[in-house]
$ cat run.cif   # mmCIF, C-alpha atoms
data_input
#
loop_
_atom_site.group_PDB
_atom_site.id
_atom_site.type_symbol
_atom_site.label_atom_id
_atom_site.label_comp_id
_atom_site.auth_asym_id
_atom_site.auth_seq_id
_atom_site.Cartn_x
_atom_site.Cartn_y
_atom_site.Cartn_z
ATOM 1 C CA MET A 1 14.884 -12.243 32.220
ATOM 2 C CA TYR A 2 11.449 -11.102 33.388
ATOM 3 C CA ILE A 3 9.326 -9.349 30.780
ATOM 4 C CA TYR A 4 5.862 -7.991 31.539
ATOM 5 C CA ARG A 5 3.837 -8.022 28.336
ATOM 6 C CA MET A 6 1.909 -4.757 28.177
ATOM 7 C CA SER A 7 -1.486 -4.565 26.496
ATOM 8 C CA SER A 8 -1.941 -1.813 23.929
ATOM 9 C CA MET A 9 -4.353 -0.034 21.649
ATOM 10 C CA ARG A 10 -2.759 0.824 18.293
ATOM 11 C CA VAL A 11 -5.753 2.389 16.535
ATOM 12 C CA GLU A 12 -8.354 4.937 17.604
ATOM 13 C CA ALA A 13 -11.745 5.648 16.023
ATOM 14 C CA THR A 14 -12.690 9.136 14.884
ATOM 15 C CA SER A 15 -15.141 10.840 12.539
ATOM 16 C CA ILE A 16 -14.152 12.914 9.535
ATOM 17 C CA LYS A 17 -15.674 15.100 6.832
ATOM 18 C CA LYS A 18 -14.623 13.618 3.504
ATOM 19 C CA TYR A 19 -14.653 15.824 0.414
ATOM 20 C CA SER A 20 -15.113 13.927 -2.850
ATOM 21 C CA ASP A 21 -16.911 14.585 -6.110
ATOM 22 C CA GLN A 22 -17.676 18.137 -4.925
ATOM 23 C CA GLN A 23 -19.554 16.837 -1.879
ATOM 24 C CA TYR A 24 -18.882 16.482 1.837
ATOM 25 C CA GLN A 25 -19.788 13.291 3.695
ATOM 26 C CA SER A 26 -19.490 12.334 7.344
ATOM 27 C CA LYS A 27 -17.534 9.101 7.644
ATOM 28 C CA PRO A 28 -15.889 7.035 10.385
ATOM 29 C CA ASP A 29 -12.117 6.688 10.244
ATOM 30 C CA LEU A 30 -9.253 5.090 12.173
ATOM 31 C CA LEU A 31 -6.122 6.822 13.434
ATOM 32 C CA ALA A 32 -2.767 5.352 14.367
ATOM 33 C CA VAL A 33 -2.326 5.933 18.106
ATOM 34 C CA GLU A 34 0.673 8.034 19.150
ATOM 35 C CA GLU A 35 1.603 8.261 22.831
ATOM 36 C CA PRO A 36 4.783 9.069 24.773
ATOM 37 C CA LEU A 37 6.859 6.294 26.291
ATOM 38 C CA GLU A 38 9.298 7.147 29.076
ATOM 39 C CA LEU A 39 12.194 4.784 29.689
ATOM 40 C CA ARG A 40 13.637 4.545 33.177
ATOM 41 C CA LEU A 41 16.793 2.546 33.690
ATOM 42 C CA GLY A 42 17.690 0.693 36.892
ATOM 43 C CA TYR A 43 21.397 -0.044 37.185
ATOM 44 C CA GLY A 44 24.290 -0.504 39.588
ATOM 45 C CA GLU A 45 25.335 -3.029 42.197
ATOM 46 C CA GLU A 46 22.699 -5.316 43.663
ATOM 47 C CA TYR A 47 22.524 -3.439 46.987
ATOM 48 C CA ASN A 48 23.073 0.027 45.540
ATOM 49 C CA ARG A 49 20.638 0.363 42.646
ATOM 50 C CA LYS A 50 20.187 3.708 40.918
ATOM 51 C CA GLU A 51 17.598 5.018 38.473
ATOM 52 C CA GLN A 52 18.115 7.102 35.345
ATOM 53 C CA LYS A 53 15.338 8.621 33.247
ATOM 54 C CA LEU A 54 16.907 7.825 29.904
ATOM 55 C CA MET A 55 14.537 9.149 27.243
ATOM 56 C CA VAL A 56 10.999 9.863 26.142
ATOM 57 C CA THR A 57 9.933 8.894 22.634
ATOM 58 C CA MET A 58 6.633 9.231 20.834
ATOM 59 C CA ARG A 59 5.558 5.777 19.721
ATOM 60 C CA THR A 60 2.642 3.585 18.747
ATOM 61 C CA PRO A 61 1.805 1.449 21.823
ATOM 62 C CA GLY A 62 2.569 -2.216 21.363
ATOM 63 C CA ASN A 63 5.811 -4.226 21.493
ATOM 64 C CA ASP A 64 7.123 -1.685 24.014
ATOM 65 C CA GLU A 65 9.446 -4.287 25.547
ATOM 66 C CA GLU A 66 11.021 -4.902 22.152
ATOM 67 C CA LEU A 67 11.266 -1.166 21.528
ATOM 68 C CA VAL A 68 13.272 -0.447 24.673
ATOM 69 C CA ALA A 69 15.428 -3.569 24.278
ATOM 70 C CA GLY A 70 16.223 -2.624 20.699
ATOM 71 C CA PHE A 71 16.902 0.973 21.703
ATOM 72 C CA LEU A 72 19.311 -0.045 24.468
ATOM 73 C CA TYR A 73 21.074 -2.430 22.097
ATOM 74 C CA THR A 74 21.417 -0.058 19.152
ATOM 75 C CA GLU A 75 22.565 2.720 21.497
ATOM 76 C CA GLY A 76 25.346 0.459 22.785
ATOM 77 C CA ILE A 77 24.060 0.374 26.385
ATOM 78 C CA ILE A 78 23.633 -3.418 26.298
ATOM 79 C CA SER A 79 25.320 -6.008 24.091
ATOM 80 C CA VAL A 80 23.273 -9.161 24.754
ATOM 81 C CA ALA A 81 19.786 -9.989 26.038
ATOM 82 C CA ALA A 82 21.272 -11.275 29.300
ATOM 83 C CA ASP A 83 22.280 -7.703 30.166
ATOM 84 C CA ILE A 84 18.590 -7.096 30.944
ATOM 85 C CA LEU A 85 17.152 -8.534 34.156
ATOM 86 C CA SER A 86 13.587 -7.346 33.636
ATOM 87 C CA ILE A 87 11.342 -5.078 31.593
ATOM 88 C CA LYS A 88 8.075 -3.982 33.177
ATOM 89 C CA PRO A 89 5.757 -0.966 33.475
ATOM 90 C CA CYS A 90 6.737 1.423 36.227
ATOM 91 C CA SER A 91 4.300 1.525 39.151
ATOM 92 C CA ARG A 92 5.523 4.927 40.376
ATOM 93 C CA VAL A 93 3.672 7.294 38.059
ATOM 94 C CA GLU A 94 2.322 10.776 38.793
ATOM 95 C CA SER A 95 -0.795 10.739 36.636
ATOM 96 C CA GLU A 96 -3.245 8.370 34.982
ATOM 97 C CA GLU A 97 -1.915 9.481 31.590
ATOM 98 C CA GLU A 98 1.490 8.072 32.507
ATOM 99 C CA ARG A 99 0.082 4.661 33.436
ATOM 100 C CA GLY A 100 1.204 2.173 30.817
ATOM 101 C CA ASN A 101 3.453 4.804 29.244
ATOM 102 C CA VAL A 102 6.394 4.525 31.640
ATOM 103 C CA ILE A 103 8.575 1.442 31.468
ATOM 104 C CA ARG A 104 11.502 0.428 33.667
ATOM 105 C CA VAL A 105 14.373 -1.763 32.579
ATOM 106 C CA GLU A 106 16.598 -3.369 35.187
ATOM 107 C CA LEU A 107 20.135 -3.896 33.952
ATOM 108 C CA HIS A 108 22.281 -6.760 35.189
ATOM 109 C CA PRO A 109 24.612 -5.560 37.984
ATOM 110 C CA GLY A 110 27.556 -6.509 35.791
ATOM 111 C CA VAL A 111 26.606 -3.996 33.097
ATOM 112 C CA LYS A 112 28.726 -0.872 33.318
ATOM 113 C CA PHE A 113 26.470 2.115 32.770
ATOM 114 C CA ASP A 114 27.808 5.648 33.077
ATOM 115 C CA SER A 115 24.849 8.010 33.266
ATOM 116 C CA ALA A 116 27.106 11.002 32.674
ATOM 117 C CA SER A 117 28.146 9.608 29.295
ATOM 118 C CA VAL A 118 24.605 9.402 27.953
ATOM 119 C CA GLN A 119 24.489 12.438 25.705
ATOM 120 C CA ARG A 120 20.780 12.363 24.939
ATOM 121 C CA ASN A 121 18.013 14.723 25.950
ATOM 122 C CA PHE A 122 14.894 13.111 27.400
ATOM 123 C CA TYR A 123 12.645 13.975 24.463
ATOM 124 C CA MET A 124 12.718 12.675 20.911
ATOM 125 C CA THR A 125 10.059 13.219 18.304
ATOM 126 C CA SER A 126 8.624 10.189 16.553
ATOM 127 C CA SER A 127 9.935 11.420 13.218
ATOM 128 C CA CYS A 128 13.605 11.668 14.113
ATOM 129 C CA GLY A 129 15.431 9.495 16.589
ATOM 130 C CA VAL A 130 18.502 11.705 16.792
ATOM 131 C CA CYS A 131 16.712 15.004 17.440
ATOM 132 C CA GLY A 132 17.494 14.663 21.136
ATOM 133 C CA LYS A 133 21.202 14.126 20.665
ATOM 134 C CA SER A 134 23.223 16.886 22.273
ATOM 135 C CA SER A 135 26.076 16.665 19.812
ATOM 136 C CA ILE A 136 26.863 15.164 16.424
ATOM 137 C CA ALA A 137 29.719 13.193 17.981
ATOM 138 C CA SER A 138 27.349 11.425 20.360
ATOM 139 C CA VAL A 139 25.361 10.092 17.405
ATOM 140 C CA GLN A 140 28.292 8.026 16.194
ATOM 141 C CA GLN A 141 28.389 4.486 17.484
ATOM 142 C CA SER A 142 31.343 2.194 17.024
ATOM 143 C CA CYS A 143 30.225 0.113 14.043
ATOM 144 C CA GLU A 144 32.307 -2.785 12.789
ATOM 145 C CA VAL A 145 32.987 -3.281 9.098
ATOM 146 C CA ILE A 146 30.543 -5.862 7.728
ATOM 147 C CA SER A 147 32.186 -8.823 5.979
ATOM 148 C CA ASN A 148 29.144 -11.109 5.620
ATOM 149 C CA VAL A 149 28.852 -12.668 2.130
ATOM 150 C CA LEU A 150 25.038 -12.799 2.183
ATOM 151 C CA LYS A 151 23.567 -12.599 -1.320
ATOM 152 C CA VAL A 152 20.019 -11.708 -2.343
ATOM 153 C CA SER A 153 18.429 -11.824 -5.775
ATOM 154 C CA GLU A 154 16.996 -8.877 -7.636
ATOM 155 C CA MET A 155 13.554 -10.511 -7.527
ATOM 156 C CA SER A 156 13.737 -10.842 -3.715
ATOM 157 C CA ILE A 157 14.533 -7.144 -3.409
ATOM 158 C CA MET A 158 11.704 -6.043 -5.690
ATOM 159 C CA ASP A 159 9.174 -8.365 -4.026
ATOM 160 C CA ALA A 160 10.022 -7.350 -0.453
ATOM 161 C CA PRO A 161 7.834 -4.180 -0.375
ATOM 162 C CA ARG A 162 4.823 -6.184 -1.559
ATOM 163 C CA GLN A 163 5.255 -8.701 1.271
ATOM 164 C CA LEU A 164 5.759 -5.955 3.829
ATOM 165 C CA ARG A 165 2.684 -4.014 2.768
ATOM 166 C CA ALA A 166 0.527 -7.161 2.735
ATOM 167 C CA GLU A 167 1.308 -7.766 6.426
ATOM 168 C CA GLN A 168 0.964 -4.147 7.627
ATOM 169 C CA ASN A 169 -2.356 -4.617 9.378
ATOM 170 C CA VAL A 170 -2.480 -1.272 11.177
ATOM 171 C CA PHE A 171 -1.200 0.696 8.189
ATOM 172 C CA GLU A 172 -3.948 -0.832 6.075
ATOM 173 C CA HIS A 173 -6.559 0.818 8.321
ATOM 174 C CA THR A 174 -4.776 4.079 9.142
ATOM 175 C CA GLY A 175 -2.106 4.810 6.524
ATOM 176 C CA GLY A 176 -0.084 6.388 9.326
ATOM 177 C CA LEU A 177 2.650 3.939 10.315
ATOM 178 C CA HIS A 178 6.173 3.068 9.287
ATOM 179 C CA ALA A 179 7.277 -0.557 9.131
ATOM 180 C CA ALA A 180 10.499 -2.542 9.307
ATOM 181 C CA GLY A 181 10.632 -6.130 8.085
ATOM 182 C CA LEU A 182 13.175 -8.918 8.560
ATOM 183 C CA PHE A 183 13.707 -11.164 5.526
ATOM 184 C CA SER A 184 15.596 -14.409 4.965
ATOM 185 C CA GLU A 185 18.274 -14.723 2.286
ATOM 186 C CA SER A 186 15.673 -16.367 0.035
ATOM 187 C CA GLY A 187 13.447 -13.278 0.340
ATOM 188 C CA LYS A 188 10.804 -14.601 2.738
ATOM 189 C CA LEU A 189 9.371 -12.139 5.290
ATOM 190 C CA ILE A 190 10.110 -13.508 8.769
ATOM 191 C CA ARG A 191 8.584 -10.767 10.949
ATOM 192 C CA LEU A 192 7.728 -7.092 10.894
ATOM 193 C CA ARG A 193 7.043 -4.300 13.337
ATOM 194 C CA GLU A 194 5.090 -1.041 12.865
ATOM 195 C CA ASP A 195 5.288 2.338 14.584
ATOM 196 C CA VAL A 196 4.648 6.033 13.957
ATOM 197 C CA GLY A 197 8.418 6.507 14.228
ATOM 198 C CA ARG A 198 10.623 4.850 11.623
ATOM 199 C CA HIS A 199 13.458 4.483 14.138
ATOM 200 C CA ASN A 200 11.020 2.944 16.653
ATOM 201 C CA ALA A 201 9.837 0.377 14.101
ATOM 202 C CA LEU A 202 13.434 -0.695 13.513
ATOM 203 C CA ASP A 203 14.222 -0.771 17.242
ATOM 204 C CA LYS A 204 11.163 -2.968 17.791
ATOM 205 C CA LEU A 205 12.290 -5.341 15.045
ATOM 206 C CA ILE A 206 15.862 -5.549 16.359
ATOM 207 C CA GLY A 207 14.601 -5.834 19.939
ATOM 208 C CA SER A 208 12.304 -8.707 18.973
ATOM 209 C CA SER A 209 15.267 -10.622 17.575
ATOM 210 C CA LEU A 210 17.241 -9.869 20.731
ATOM 211 C CA LEU A 211 14.514 -11.040 23.132
ATOM 212 C CA GLU A 212 13.069 -13.840 20.988
ATOM 213 C CA PRO A 213 15.585 -14.803 18.302
ATOM 214 C CA ALA A 214 14.097 -15.392 14.869
ATOM 215 C CA SER A 215 14.741 -18.481 12.762
ATOM 216 C CA VAL A 216 17.387 -16.458 10.922
ATOM 217 C CA ALA A 217 20.014 -14.371 12.720
ATOM 218 C CA LEU A 218 20.172 -10.660 11.877
ATOM 219 C CA GLU A 219 23.642 -11.020 10.377
ATOM 220 C CA ASN A 220 22.276 -13.601 7.923
ATOM 221 C CA ALA A 221 19.190 -11.638 6.884
ATOM 222 C CA PHE A 222 18.222 -8.360 5.280
ATOM 223 C CA ILE A 223 15.902 -5.614 6.518
ATOM 224 C CA LEU A 224 13.444 -3.457 4.589
ATOM 225 C CA VAL A 225 12.154 -0.142 5.947
ATOM 226 C CA SER A 226 8.987 1.370 4.513
ATOM 227 C CA GLY A 227 10.209 4.953 4.238
ATOM 228 C CA ARG A 228 13.508 6.605 3.547
ATOM 229 C CA ALA A 229 16.885 5.379 4.813
ATOM 230 C CA SER A 230 18.181 7.925 7.318
ATOM 231 C CA PHE A 231 21.627 7.942 8.900
ATOM 232 C CA GLU A 232 20.257 6.604 12.176
ATOM 233 C CA LEU A 233 18.529 3.647 10.516
ATOM 234 C CA VAL A 234 21.780 2.624 8.859
ATOM 235 C CA GLN A 235 23.569 3.069 12.165
ATOM 236 C CA LYS A 236 21.057 0.923 14.074
ATOM 237 C CA ALA A 237 21.204 -1.794 11.418
ATOM 238 C CA ALA A 238 25.000 -1.661 11.537
ATOM 239 C CA VAL A 239 25.107 -2.121 15.309
ATOM 240 C CA ALA A 240 22.914 -5.210 14.810
ATOM 241 C CA HIS A 241 25.358 -6.492 12.125
ATOM 242 C CA VAL A 242 22.729 -6.404 9.365
ATOM 243 C CA PRO A 243 24.588 -6.692 6.027
ATOM 244 C CA ILE A 244 21.835 -5.436 3.714
ATOM 245 C CA LEU A 245 19.389 -2.582 4.333
ATOM 246 C CA LEU A 246 16.622 -1.862 1.834
ATOM 247 C CA ALA A 247 14.422 1.229 1.771
ATOM 248 C CA VAL A 248 11.320 2.007 -0.239
ATOM 249 C CA GLY A 249 12.408 5.643 -0.353
ATOM 250 C CA ALA A 250 15.672 7.531 -0.703
ATOM 251 C CA PRO A 251 18.719 7.397 1.563
ATOM 252 C CA SER A 252 20.352 10.525 2.939
ATOM 253 C CA SER A 253 23.939 11.514 2.165
ATOM 254 C CA LEU A 254 25.078 10.605 5.686
ATOM 255 C CA ALA A 255 23.358 7.225 5.383
ATOM 256 C CA VAL A 256 25.229 6.452 2.163
ATOM 257 C CA ASN A 257 28.540 7.633 3.627
ATOM 258 C CA LEU A 258 28.124 5.400 6.669
ATOM 259 C CA ALA A 259 27.129 2.414 4.508
ATOM 260 C CA LYS A 260 30.348 2.886 2.543
ATOM 261 C CA GLN A 261 32.445 3.147 5.698
ATOM 262 C CA ILE A 262 31.123 -0.102 7.171
ATOM 263 C CA ASN A 263 30.636 -1.987 3.880
ATOM 264 C CA MET A 264 26.863 -2.329 4.207
ATOM 265 C CA THR A 265 24.757 -2.918 1.121
ATOM 266 C CA LEU A 266 22.264 -0.046 0.901
ATOM 267 C CA VAL A 267 19.397 -0.122 -1.608
ATOM 268 C CA GLY A 268 16.693 2.519 -2.135
ATOM 269 C CA PHE A 269 13.810 3.565 -4.382
ATOM 270 C CA ILE A 270 12.565 -0.010 -4.711
ATOM 271 C CA LYS A 271 9.784 -0.478 -7.255
ATOM 272 C CA SER A 272 8.308 -3.479 -9.038
ATOM 273 C CA GLY A 273 10.635 -2.874 -11.981
ATOM 274 C CA GLY A 274 13.899 -1.881 -10.322
ATOM 275 C CA PHE A 275 15.865 -0.190 -7.552
ATOM 276 C CA ASN A 276 18.992 1.875 -6.837
ATOM 277 C CA ILE A 277 22.085 0.390 -5.177
ATOM 278 C CA TYR A 278 24.030 3.061 -3.299
ATOM 279 C CA HIS A 279 26.746 0.736 -2.023
ATOM 280 C CA GLY A 280 27.551 -2.968 -1.821
ATOM 281 C CA GLU A 281 26.326 -4.161 -5.216
ATOM 282 C CA LYS A 282 28.315 -7.407 -4.854
ATOM 283 C CA ARG A 283 25.700 -8.680 -2.389
ATOM 284 C CA VAL A 284 22.992 -8.447 -5.051
ATOM 285 C CA GLY A 285 22.573 -11.155 -7.703
ATOM 286 C CA GLU A 286 24.450 -14.423 -8.095
ATOM 287 C CA LYS A 287 26.344 -15.620 -5.038
ATOM 288 C CA LEU A 288 30.129 -15.195 -5.104
ATOM 289 C CA GLU A 289 32.616 -17.109 -3.007
ATOM 290 C CA HIS A 290 34.446 -13.995 -1.901
ATOM 291 C CA PHE A 291 33.237 -10.518 -1.079
ATOM 292 C CA LYS A 292 35.732 -7.791 -0.424
ATOM 293 C CA HIS A 293 35.216 -4.175 0.556
#

$ encode --input "run.cif" --output "structure tokens"
Amino acid sequence: MYIYRMSSMRVEATSIKKYSDQQYQSKPDLLAVEEPLELRLGYGEEYNRKEQKLMVTMRTPGNDEELVAGFLYTEGIISVAADILSIKPCSRVESEEERGNVIRVELHPGVKFDSASVQRNFYMTSSCGVCGKSSIASVQQSCEVISNVLKVSEMSIMDAPRQLRAEQNVFEHTGGLHAAGLFSESGKLIRLREDVGRHNALDKLIGSSLLEPASVALENAFILVSGRASFELVQKAAVAHVPILLAVGAPSSLAVNLAKQINMTLVGFIKSGGFNIYHGEKRVGEKLEHFKH
């Protein structure tokens, strides 16, 4: 697989008027960069290649290759890294603003891609990955029931947000990014990814494990997201066979329902003194030999 590593700028300087103690002061500040990324897909037989403009998402530049790989994987378009021949910036752009913001993925000729079956509009906002879906039915991916017996301690769950926050370099300067972190069974942070979009941060994390496998496989690890647990985040984690999903905030009703359907452990409202388990409590605490739905 050929991957062109794209350079990026994730923060931008600005000046602000800060009001404090009944006074205004001019101060410098940093903003999290948000720019559109267009994904173009090359597919088909070797001598009859076609191109599909698949989607546009608002994202924080950086780890774009992981973002599109994770997106293609969690959307069910690819199943393994070998399905991708190359990921590189598209040279055919119409404006300077598009340069570096259009990426083309070449699928292996053996990958069956039906452009007519892709039920997604070309624009998604950074706050909601399913806003471009044309129907509720098209949101649903075929997710297998999770049978993994992974166990994590209560202390590992409560300590995970502290580890995540300590490594959020861009958030520390801007306060404007979501994060997704991959943790080992023992509770050690393995890697994290940040983005203005919570679904993008998770796609980047999953894509990184697809392109450059971590020391621990996704099915033997747990993931923490810095915000709330939406339906789509549970769905993406399920496609990646993640048995435990933690969220600093609250899950939605659809997220909880899906977690129950696929037997995923879903935990929310994590604080230093406790948390809420919405499903899968048998994966929390002392390890058991058997875990049944």

$ atom_distance --input "run.cif" --atom1 "atom CA of Leu39 of chain A" --atom2 "atom CA of Glu144 of chain A"
27.3 Å

$ resolve_selection --input "run.cif" --expression "the PyMOL selection byres ((chain A and resi 252-261) around 7)" --output "ChimeraX atom specification"
/A:229-231,234,250-251,262-266,278-279

$ resolve_selection --input "run.cif" --expression "the PyMOL selection byres ((chain A and resi 57) around 6)" --output "PDB file with C-alpha atoms, in the coordinates of the input"
ATOM      1  CA  PRO A  36       4.783   9.069  24.773  1.00  0.00           C
ATOM      2  CA  LEU A  37       6.859   6.294  26.291  1.00  0.00           C
ATOM      3  CA  VAL A  56      10.999   9.863  26.142  1.00  0.00           C
ATOM      4  CA  MET A  58       6.633   9.231  20.834  1.00  0.00           C
ATOM      5  CA  MET A 124      12.718  12.675  20.911  1.00  0.00           C
TER       6      MET A 124
END

$ resolve_selection --input "run.cif" --expression "the PyMOL selection byres ((chain A and resi 199) around 12)" --output "PyMOL selection string"
chain A and resi 57-60+67-68+70-71+74-75+124-131+177-180+193-198+200-207+225-237

$ write_last_selection --input "run.cif" --atoms "C-alpha atoms" --output "compact mmCIF listing (two decimals), in the frame of the given file"
# COMPACT_ATOMS: atom_id res chain seq x y z
CA THR A 57 9.93 8.89 22.63
CA MET A 58 6.63 9.23 20.83
CA ARG A 59 5.56 5.78 19.72
CA THR A 60 2.64 3.58 18.75
CA LEU A 67 11.27 -1.17 21.53
CA VAL A 68 13.27 -0.45 24.67
CA GLY A 70 16.22 -2.62 20.70
CA PHE A 71 16.90 0.97 21.70
CA THR A 74 21.42 -0.06 19.15
CA GLU A 75 22.56 2.72 21.50
CA MET A 124 12.72 12.68 20.91
CA THR A 125 10.06 13.22 18.30
CA SER A 126 8.62 10.19 16.55
CA SER A 127 9.94 11.42 13.22
CA CYS A 128 13.60 11.67 14.11
CA GLY A 129 15.43 9.49 16.59
CA VAL A 130 18.50 11.70 16.79
CA CYS A 131 16.71 15.00 17.44
CA LEU A 177 2.65 3.94 10.32
CA HIS A 178 6.17 3.07 9.29
CA ALA A 179 7.28 -0.56 9.13
CA ALA A 180 10.50 -2.54 9.31
CA ARG A 193 7.04 -4.30 13.34
CA GLU A 194 5.09 -1.04 12.86
CA ASP A 195 5.29 2.34 14.58
CA VAL A 196 4.65 6.03 13.96
CA GLY A 197 8.42 6.51 14.23
CA ARG A 198 10.62 4.85 11.62
CA ASN A 200 11.02 2.94 16.65
CA ALA A 201 9.84 0.38 14.10
CA LEU A 202 13.43 -0.70 13.51
CA ASP A 203 14.22 -0.77 17.24
CA LYS A 204 11.16 -2.97 17.79
CA LEU A 205 12.29 -5.34 15.04
CA ILE A 206 15.86 -5.55 16.36
CA GLY A 207 14.60 -5.83 19.94
CA VAL A 225 12.15 -0.14 5.95
CA SER A 226 8.99 1.37 4.51
CA GLY A 227 10.21 4.95 4.24
CA ARG A 228 13.51 6.60 3.55
CA ALA A 229 16.89 5.38 4.81
CA SER A 230 18.18 7.92 7.32
CA PHE A 231 21.63 7.94 8.90
CA GLU A 232 20.26 6.60 12.18
CA LEU A 233 18.53 3.65 10.52
CA VAL A 234 21.78 2.62 8.86
CA GLN A 235 23.57 3.07 12.16
CA LYS A 236 21.06 0.92 14.07
CA ALA A 237 21.20 -1.79 11.42

$ closest_residue --input "run.cif" --among "A:Glu66, A:Asp83, A:Glu167, A:Glu154" --to "Ser209 of chain A" --atoms "all atoms listed in the file"
A:Glu66

$ closest_residue --input "run.cif" --among "A:Glu219, A:Ser115, A:Ser272, A:Arg49" --to "Gln163 of chain A" --atoms "all atoms listed in the file"
A:Ser272

$ atom_distance --input "run.cif" --atom1 "atom CA of Ile223 of chain A" --atom2 "atom CA of Asn169 of chain A"
18.5 Å

$ closest_residue --input "run.cif" --among "A:Arg40, A:Arg191, A:Arg92, A:Arg10" --to "Glu212 of chain A" --atoms "only C-alpha atoms"
A:Arg191

$ atom_distance --input "run.cif" --atom1 "atom CA of Leu192 of chain A" --atom2 "atom CA of Asp29 of chain A"
24.2 Å

$ closest_residue --input "run.cif" --among "A:Ser186, A:Gln23, A:Ser208, A:Ser91" --to "Ala221 of chain A" --atoms "only C-alpha atoms"
A:Ser186

$ closest_residue --input "run.cif" --among "A:Leu211, A:Val242, A:Ala82, A:Leu31" --to "Ser184 of chain A" --atoms "all atoms listed in the file"
A:Val242

$ closest_residue --input "run.cif" --among "A:Val248, A:Ile146, A:Ala69, A:Val216" --to "Leu189 of chain A" --atoms "all atoms listed in the file"
A:Val216

$ axis_aligned_box --input "run.cif" --around "segment 238-254 of chain A" --padding-each-side "4 Å" --output "AutoDock Vina command-line options"
--center_x 18.3 --center_y 2.4 --center_z 7.3 --size_x 22.0 --size_y 26.2 --size_z 24.0

$ residues_around --input "run.cif" --residues "Ser26 of chain A" --least-positions-apart "6" --cutoff "10 Å" --atoms "all atoms listed in the file" --output "PyMOL selection string"
chain A and resi 15-19

$ write_last_selection --input "run.cif" --atoms "C-alpha atoms" --output "PDB file, in the frame of the given file"
ATOM      1  CA  SER A  15     -15.141  10.840  12.539  1.00  0.00           C
ATOM      2  CA  ILE A  16     -14.152  12.914   9.535  1.00  0.00           C
ATOM      3  CA  LYS A  17     -15.674  15.100   6.832  1.00  0.00           C
ATOM      4  CA  LYS A  18     -14.623  13.618   3.504  1.00  0.00           C
ATOM      5  CA  TYR A  19     -14.653  15.824   0.414  1.00  0.00           C
TER       6      TYR A  19
END
